[in-house]
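What follows is a short report on a single structure.
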Amino acid sequence: MTLRLGASDAAEGGRLLAEGKLVAFPTETVYGLGADACDPRAVAALYAAKGRPAFNPLISHVLSIEAAAALGRLDGDARRLAEAFWPGPLTLVVPAAEECAVCDLARAGLDTIALRAPDHPVARAVIAAANRPIVAPSANRSGRVSPTSAAHVLEDLDDRIDAVVDGGETRVGLESTIVACLGGAPRLLRPGALPRDAIERVLGRSLADPSDDSDAPLAPGRLSSHYAPAAAVRLDATEIGPGEAYLGFGPDGGLADRAAAFESLSPTGDLAAAAARLFACLRRLDATGVARIAVAPIPNEGLGEAIRDRLARAAAPRQS
Ligand code: TXA
Ligand code: MG
């Protein structure tokens, strides 16, 4: 049985984590599935519950720059970014500290570590009560759409995890932006909740792409099918095919009436609203049983870069 906890029971969630249990909780981006980052048995159970390949490393969640600096080398650009954006939806990949307490399994054996200080009162209360770094991948079965509510978590993971702390719907709705600071120009490994231009303003230069350096550790899953609903997904649709559902953005131009099912990311074309609704809309359209979802064009600016990235992965050829 998966225990349901309310937001006021966040400390109980933290205590369960300290005992090696698996507890899902909300962050400002999406719900995470937490485990004690220093306990290889808990981390192994987390990979198993998600069905996640163990070569895909996890983000360690902490409360402060100071706590992060005990786990990874935060200097220069990395420290500047942490000071500007933590707590918040930015994950930094940096060289692991020599005495890093996070277990090898959580880092997939890499000598780097992904660190983030979330900005959500429930996430912070959970981590504070656990009193240790907490790894937390999105709380979905591997390869599926990320959860933005406790109900989504239970759709994928009921009875596979010990508890979920219900803190309502998440504010941003897209995962954190991941930037690698490993010497040379910082690289954008995953577009996300923090838009590229905000980061570039603080750095005073452009972010490099992962492909700019062939030795770059890619955020695994970046190129392959991911965030996948059961239905096929077709991008930049300006017409509706027979039997297709339509996921709109801005005025629907009459396409909604011709679609087998319809959701709008934002009737007014607001990117922040669209980000917050994206995963829930995909789940709802999927639940209608349609074979294909046609998606309106989304502008590639601000949060649009991350929305387009998630949709492109949802549309990628499936591995199975
Ligand atoms: O918003 C978020 O980041 C959410 C919430 C729960 O914090 N978490 C999340 O975790 O999205 P996950 O596991 O679904 O995605 C983390 C990504 C993975 O693509 C992983 O490959 C990458 O981070 N990653 C982790 N450690 C890395 C490292 N050392 N080098 C490169 N990529 C890394
Ligand atoms: Mg994920």
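We label chains A, B, ... in the order they appear in the structure tokens, count residues from 1 in each chain, and number ligands from 1 in the order shown.
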
Inset, instruction - Using DSSP on the backbone, list every residue of segment 100-311 of chain A that comes out as alpha helix (DSSP H), and give them as a count of residues only. - result: 55

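For segment 30-146 of chain A, backbone-based DSSP labels the following residues as strand (DSSP E): A:Tyr31, A:Gly32, A:Leu33, A:Gly34, A:Ala35, A:Asp36, A:Ile59, A:Ser60, A:His61, A:Leu90, A:Thr91, A:Leu92, A:Val93, A:Val94, A:Pro95, A:Thr112, A:Ile113, A:Ala114, A:Leu115, A:Arg116, A:Ile134, A:Val135.
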
Give one line per residue of chain A that approaches ligand 2 to at most 8 Å, naming the two atoms of the closest pair and their distance in Å to one decimal, counting only C-alpha atoms and all ligand atoms; sort by chain then ascending residue number and deliver it as a Markdown table.
```
| residue | atom | partner | partner_atom_place_in_ligand_line | distance |
| --- | --- | --- | --- | --- |
| A:Pro137 | CA | ligand 2 | 1 (Mg) | 5.5 |
| A:Ser138 | CA | ligand 2 | 1 (Mg) | 4.3 |
| A:Ala139 | CA | ligand 2 | 1 (Mg) | 7.3 |
| A:Asn140 | CA | ligand 2 | 1 (Mg) | 7.1 |
| A:Ser142 | CA | ligand 2 | 1 (Mg) | 7.0 |
| A:Gly143 | CA | ligand 2 | 1 (Mg) | 7.4 |
| A:Val145 | CA | ligand 2 | 1 (Mg) | 8.0 |
| A:Ser146 | CA | ligand 2 | 1 (Mg) | 6.2 |
| A:Glu175 | CA | ligand 2 | 1 (Mg) | 7.6 |
| A:Tyr227 | CA | ligand 2 | 1 (Mg) | 7.6 |
```

Mind dumping a table of every segment 40-94 of chain A residue within 9 Å of segment 196-205 of chain A, with the nearest atom pair and its distance in Å to one decimal, using only C-alpha atoms, sorted by chain and rising number, as a tab-separated table?
```
residue	atom	partner	partner_atom	distance
A:Asp77	CA	A:Leu203	CA	6.8
A:Arg80	CA	A:Val202	CA	7.6
A:Leu81	CA	A:Val202	CA	7.0
A:Ala84	CA	A:Val202	CA	7.4
A:Phe85	CA	A:Ile199	CA	8.7
```

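What separates atom CA of Val164 of chain A from atom 22 (C, counted along the ligand's line) of ligand 1 is a distance of 22.6 Å.
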
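With only C-alpha atoms and all ligand atoms as the basis for measurement, A:Glu28 is the residue among A:Glu28, A:Asp166, A:Asp156, A:Glu19 that approaches ligand 1 most closely.
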
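In this structure, atom CA of Pro147 of chain A sits 12.9 Å away from atom CA of Val165 of chain A.
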
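Each of A:Gly20, A:Pro118, A:Gly76, A:Pro267 was compared to ligand 1 using only C-alpha atoms and all ligand atoms, and A:Pro118 turns out to be the nearest.
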
Legend entry - Minimum-distance residue to Ala125 of chain A, chosen among A:Gly250, A:Pro297, A:Pro191, A:Gly167 (using only C-alpha atoms): A:Gly167

Inset, instruction - Rank A:Thr2, A:Ser8, A:Ser60, A:Thr112 by their smallest atom-to-atom distance to ligand 1, using only C-alpha atoms and all ligand atoms, and report the top residue only. - result: A:Thr112
